[in-house]
There are 2 protein chains.
Amino acid sequence: MPRRPIEKAPEAPLDKTRPTSGLTLIDVAKVAGVSPITVSRALNRPELVSDLTLEKVRRAVALVGYIPNMQAGGLASKQSKLVAVFVPTIAHSIFSDMVQALMDQLGEAGYQSILGVTGYSLEKEESLLGAILGRRPDGIVLMGTEHSALTRQRLASSGIPVVETWDFCEDPIDILVGFSHEAVGKAVAGHLHDKGYRRFSVVSASDARGIKRCKGLVSELSERGITEVPQVIFTPPATLKEGRAGLSQLFSAGSNPEVVVCSSDTVAQGVLAEAASRGLRVPEDLAVMGFGDMGSAAQLYPALSSVRLDGARVGGLIAKVLLERFRNQGDHQAPVRIDTGFTLIDRVSA
Amino acid sequence: MPRRPIEKAPEAPLDKTRPTSGLTLIDVAKVAGVSPITVSRALNRPELVSDLTLEKVRRAVALVGYIPNMQAGGLASKQSKLVAVFVPTIAHSIFSDMVQALMDQLGEAGYQSILGVTGYSLEKEESLLGAILGRRPDGIVLMGTEHSALTRQRLASSGIPVVETWDFCEDPIDILVGFSHEAVGKAVAGHLHDKGYRRFSVVSASDARGIKRCKGLVSELSERGITEVPQVIFTPPATLKEGRAGLSQLFSAGSNPEVVVCSSDTVAQGVLAEAASRGLRVPEDLAVMGFGDMGSAAQLYPALSSVRLDGARVGGLIAKVLLERFRNQGDHQAPVRIDTGFTLIDRVSA
DNA sequence: GTAAATAATGATTGCGCAACCATATGTATG
DNA sequence: CATACATATGGTTGCGCAATCATTATTTAC
């Protein structure tokens, strides 16, 4: 192993700190007997290099165990190959299918994801953004369309492709891939009303999107002549516990609902559990409607009616749009607004 | 806003062609009227800079909206401030509390996390590692202690602090923070046996840790004279569906268990659902034991007995150990092996 | 009052890589 | 046979920053 004689420090301390990581293009180039830049090309644009050279380089890379330093590459090329993804939470989340699909597909294209957990707080989102912009991500994905003024301003002026998702609005920052929560609320109201339900109630988290769905529901019901909709609104995160407590609160407030519309399947599970513990039959005594159609909804007993969002599809769409943007950098980019829609899933519970 | 005319740059043309990302230390330095390196110091080691200068720099940073380029900083300082976290899945996962706590605490110390989703596959883990090592993370966190030979070799020779977690073994790569799954299996067996159960059965995912728990259970039962333990082993991911199917399979195979020990609370929920659909009373007709004590366990009806792992605490411990390592780089590092233990939670279901 | 220590700032260098341009070699075209 | 023209490779430069050393005020010690 060639030791580099340095002008000072004759007793160079054994660098046990960084064995493999000390390797550079130059080391590989020496072994392969080509110039460093040829090694770079062989790795990044192999079509520009002759088969013979390619083979030599590949052999050398494998021999010395070289792993390119993406920090250096990114600095030189101004591409980080990083996408920042902001989610409210990762625990038991309705977003996880979407995030997983997104990460998978970005990963296949050589992009890695850095996750920011905002805890449903716009302030947290803002401070996280400050930290993450330092990494110069090639793209940013945000849940929802509500952001602080500074967040919006920074994002807009950053020149980085931004995707807002899991909601819909008229004035997105950049790219929009999502669905209307008001429309979900209205659709649920219409569907349940058509099935004959009249005494509605809501147990919902107080996050922006839950509130929107609730408003949509109330508005549609009101058009159908129903104005009394008792609601229990709680602070996220949504857990079974909130669901159980929610139903209890409704009863103890004197409500006598036929159907409880919940802001998530998890909340609905809590309502189901509470109903079971009170000996209520579902849906005869009490109907329950979920949201999200997580895998569990179909498997519960009784099977939970819900609203399917197909997170994996949404995640895939986002990845596709982003990768498209990355490919045509500089070109004029047509604005992208995709409504991913939703599907009512009619099962036993409502 | 008091502007101080400095000896140079009277016509410093703020180039608005590049949004925010074009700004460098030099731009800030010009505005602040100091040298670039002083700006760097003011941001990274403010204690070395006079209050007056600090103020000038801060004002300039805010004025121009400068955000340091961490790629460049990392290249120069050989610190990425990045921690790679490998998880089998992020969806509805038992790991999410741990990951969230880990990310939170690392984030407070200025470290961001990059997530790798391995899908319970050692090959995927290996290929992801290849991609992620290119980022030169300052630390790596892995679920479990089973890894491919190449993964182990690469990690060991990378010189990067590695944490293996959520399991325990005798020969960790580097740092180990976890608990013994065999011990969990034995403890569950002992506990249920003491409560009087004799006809055991298992519904478990086939992941390495689930199998270990199963083995521990069987071994302890065998010491207590019980040799017949029907098992249903399925391929991850674990969902309610697997739980329902698992119980069905047990019955259709002619088993008549008193208690079903499950590899996760989610599976247990599935078993509960299947039991409910068959009109079985829990625990009178069939007892059910979960694993993980996710928030939902206590809220189910009937409340689910389980094994608590306290993921948040584990995540916090990992962050603490890692940050400690980062602080004392170069010094000799004592090996770290932490057994985080577990707690049996006795509720209604078993 | 001078030497020594401290505090505050600046100048230079190089981290590892890709963009850009320049330079060989061939290979078709008339 | 010369001009164009593609194919393959190398040289040089700079990305934005922090480490290292050098320098200048400012204070302290005796």
# chains A, B, ... in the order shown; residues from 1 in each chain; ligands from 1
>>> calpha_fit_rmsd(fixed="chain B", moving="chain A")
3.8 Å
>>> select_by_dssp(residues="region 197-329 of chain A", states="helix (DSSP H, G or I)", output="ChimeraX atom specification")
/A:208-223,240-252,265-277,296-299,311-327
>>> select_by_dssp(residues="region 43-275 of chain B", states="strand (DSSP E)", output="ChimeraX atom specification")
/B:82-87,112-117,139-143,162-165,175-178,200-205,231-234,259-262
>>> interface_residues(of="chain C", to="chain B", cutoff="7 Å", atoms="only C-alpha atoms (C1' of nucleotides)", output="number ranges by chain")
C: 8, 10, 15
>>> residues_around(residues="Leu286 (chain A)", least_positions_apart="6", cutoff="8 Å", atoms="only C-alpha atoms (C1' of nucleotides)", output="list in words")
Pro257, Glu258, Val259, Val260, Ala275 and Leu280 of chain A
>>> closest_atom_pairs(of="chain A", to="chain B", cutoff="6 Å", atoms="only C-alpha atoms", output="CSV")
residue,atom,partner,partner_atom,distance
A:Thr17,CA,B:Gly159,CA,5.6
A:Arg18,CA,B:Gly159,CA,5.2
A:Thr20,CA,B:Ser158,CA,5.4
A:Ile67,CA,B:Gly134,CA,5.8
A:Pro68,CA,B:Gly134,CA,5.5
A:Asn69,CA,B:Gly134,CA,4.9
A:Met70,CA,B:Gly134,CA,5.3
A:Gln71,CA,B:Gln71,CA,5.2
A:Ala91,CA,B:Ser96,CA,5.0
A:His92,CA,B:His92,CA,4.3
A:Ser96,CA,B:Ala91,CA,5.0
A:Ile114,CA,B:Ile114,CA,4.7
A:Gly134,CA,B:Asn69,CA,4.9
A:Arg135,CA,B:Met70,CA,5.3
A:Ser157,CA,B:Pro19,CA,5.6
A:Ser158,CA,B:Thr20,CA,5.4
A:Leu240,CA,B:Ser296,CA,5.6
A:Lys241,CA,B:Gln299,CA,5.9
A:Ala273,CA,B:Tyr301,CA,5.2
A:Ser296,CA,B:Leu240,CA,5.6
A:Gln299,CA,B:Lys241,CA,5.9
A:Leu300,CA,B:Ala273,CA,5.7
A:Tyr301,CA,B:Ala273,CA,5.2
>>> atom_distance(atom1="CA of Leu221 (chain A)", atom2="CA of Ala189 (chain A)")
6.1 Å
>>> interface_residues(of="chain D", to="chain A", cutoff="12 Å", atoms="only C-alpha atoms (C1' of nucleotides)", output="mmCIF file with C-alpha atoms (C1' of nucleotides), in the first residue's frame")
data_model
loop_
_atom_site.group_PDB
_atom_site.id
_atom_site.type_symbol
_atom_site.label_atom_id
_atom_site.label_comp_id
_atom_site.auth_asym_id
_atom_site.auth_seq_id
_atom_site.Cartn_x
_atom_site.Cartn_y
_atom_site.Cartn_z
ATOM 1 C "C1'" DT D 7 -14.928 7.675 -30.951
ATOM 2 C "C1'" DA D 8 -12.213 7.365 -27.085
ATOM 3 C "C1'" DT D 9 -9.314 9.364 -23.664
ATOM 4 C "C1'" DG D 10 -6.783 12.958 -20.870
ATOM 5 C "C1'" DG D 11 -5.838 17.749 -18.656
ATOM 6 C "C1'" DT D 12 -7.499 21.544 -16.155
ATOM 7 C "C1'" DT D 13 -10.527 23.844 -13.363
ATOM 8 C "C1'" DG D 14 -13.661 24.934 -9.728
ATOM 9 C "C1'" DC D 15 -17.863 23.385 -6.826
ATOM 10 C "C1'" DG D 16 -18.390 25.668 -1.349
ATOM 11 C "C1'" DC D 17 -16.559 24.956 2.573
#
>>> residues_around(residues="Arg58 (chain B)", least_positions_apart="3", cutoff="12 Å", atoms="only C-alpha atoms (C1' of nucleotides)", output="MDAnalysis selection string")
chainID B and resid 28:29 31:34 38:44 46 49 51:55 61:67
>>> write_last_selection(atoms="N, CA and C atoms", output="tab-separated table (two decimals), in the first residue's frame")
chain	number	residue	atom	x	y	z
B	28	VAL	N	-22.19	36.33	1.75
B	28	VAL	CA	-22.50	36.78	3.10
B	28	VAL	C	-21.37	37.63	3.63
B	29	ALA	N	-20.14	37.17	3.38
B	29	ALA	CA	-18.98	37.89	3.89
B	29	ALA	C	-18.93	39.32	3.34
B	31	VAL	N	-21.42	41.17	2.32
B	31	VAL	CA	-22.47	41.98	2.95
B	31	VAL	C	-22.10	42.33	4.39
B	32	ALA	N	-21.52	41.35	5.09
B	32	ALA	CA	-21.20	41.59	6.50
B	32	ALA	C	-19.92	42.40	6.65
B	33	GLY	N	-19.14	42.47	5.61
B	33	GLY	CA	-17.89	43.21	5.70
B	33	GLY	C	-16.81	42.47	6.48
B	34	VAL	N	-16.83	41.16	6.39
B	34	VAL	CA	-15.78	40.37	7.04
B	34	VAL	C	-15.27	39.35	6.02
B	38	THR	N	-14.52	34.02	8.53
B	38	THR	CA	-15.15	34.53	9.75
B	38	THR	C	-16.65	34.21	9.75
B	39	VAL	N	-17.23	34.27	8.59
B	39	VAL	CA	-18.64	33.88	8.49
B	39	VAL	C	-18.79	32.41	8.88
B	40	SER	N	-17.93	31.59	8.34
B	40	SER	CA	-17.97	30.16	8.66
B	40	SER	C	-17.88	29.96	10.17
B	41	ARG	N	-16.94	30.68	10.77
B	41	ARG	CA	-16.78	30.53	12.22
B	41	ARG	C	-18.01	31.03	12.96
B	42	ALA	N	-18.52	32.15	12.54
B	42	ALA	CA	-19.68	32.71	13.23
B	42	ALA	C	-20.84	31.72	13.23
B	43	LEU	N	-20.92	30.93	12.15
B	43	LEU	CA	-22.03	29.98	12.07
B	43	LEU	C	-21.76	28.68	12.81
B	44	ASN	N	-20.49	28.24	12.76
B	44	ASN	CA	-20.21	26.92	13.33
B	44	ASN	C	-19.62	26.96	14.73
B	46	PRO	N	-19.54	29.90	17.13
B	46	PRO	CA	-19.78	31.31	17.46
B	46	PRO	C	-18.98	31.78	18.67
B	49	VAL	N	-15.92	34.07	18.02
B	49	VAL	CA	-16.09	35.31	17.29
B	49	VAL	C	-16.63	36.39	18.23
B	51	ASP	N	-18.78	39.46	19.72
B	51	ASP	CA	-20.21	39.68	19.65
B	51	ASP	C	-20.59	40.59	18.50
B	52	LEU	N	-19.77	41.61	18.31
B	52	LEU	CA	-20.06	42.56	17.25
B	52	LEU	C	-20.07	41.87	15.89
B	53	THR	N	-19.00	41.13	15.63
B	53	THR	CA	-18.91	40.42	14.35
B	53	THR	C	-20.06	39.45	14.18
B	54	LEU	N	-20.34	38.72	15.26
B	54	LEU	CA	-21.41	37.74	15.23
B	54	LEU	C	-22.70	38.41	14.77
B	55	GLU	N	-22.97	39.54	15.35
B	55	GLU	CA	-24.19	40.25	15.02
B	55	GLU	C	-24.21	40.66	13.55
B	61	VAL	N	-26.62	37.14	7.08
B	61	VAL	CA	-27.21	35.84	6.72
B	61	VAL	C	-28.71	35.98	6.54
B	62	ALA	N	-29.34	36.66	7.49
B	62	ALA	CA	-30.79	36.81	7.41
B	62	ALA	C	-31.16	37.65	6.19
B	63	LEU	N	-30.36	38.67	5.94
B	63	LEU	CA	-30.67	39.59	4.84
B	63	LEU	C	-30.67	38.88	3.49
B	64	VAL	N	-29.62	38.14	3.24
B	64	VAL	CA	-29.53	37.51	1.92
B	64	VAL	C	-30.22	36.15	1.88
B	65	GLY	N	-30.58	35.60	3.05
B	65	GLY	CA	-31.23	34.29	3.07
B	65	GLY	C	-30.27	33.16	2.77
B	66	TYR	N	-29.11	33.25	3.35
B	66	TYR	CA	-28.08	32.25	3.10
B	66	TYR	C	-28.37	30.94	3.83
B	67	ILE	N	-28.19	29.84	3.13
B	67	ILE	CA	-28.28	28.51	3.76
B	67	ILE	C	-27.02	27.74	3.40
>>> residues_around(residues="Pro236 (chain B)", least_positions_apart="2", cutoff="7 Å", atoms="only C-alpha atoms (C1' of nucleotides)", output="NGL selection string")
:B and (205-207 or 234 or 238)
>>> atom_distance(atom1="CA of Pro335 (chain B)", atom2="CA of Val87 (chain B)")
23.2 Å
>>> atom_distance(atom1="CA of Leu142 (chain A)", atom2="CA of Glu164 (chain A)")
4.9 Å
>>> closest_residue(among="C:DA28, C:DT6, C:DT23, C:DT12", to="DA19 (chain D)", atoms="only C-alpha atoms (C1' of nucleotides)")
C:DT12
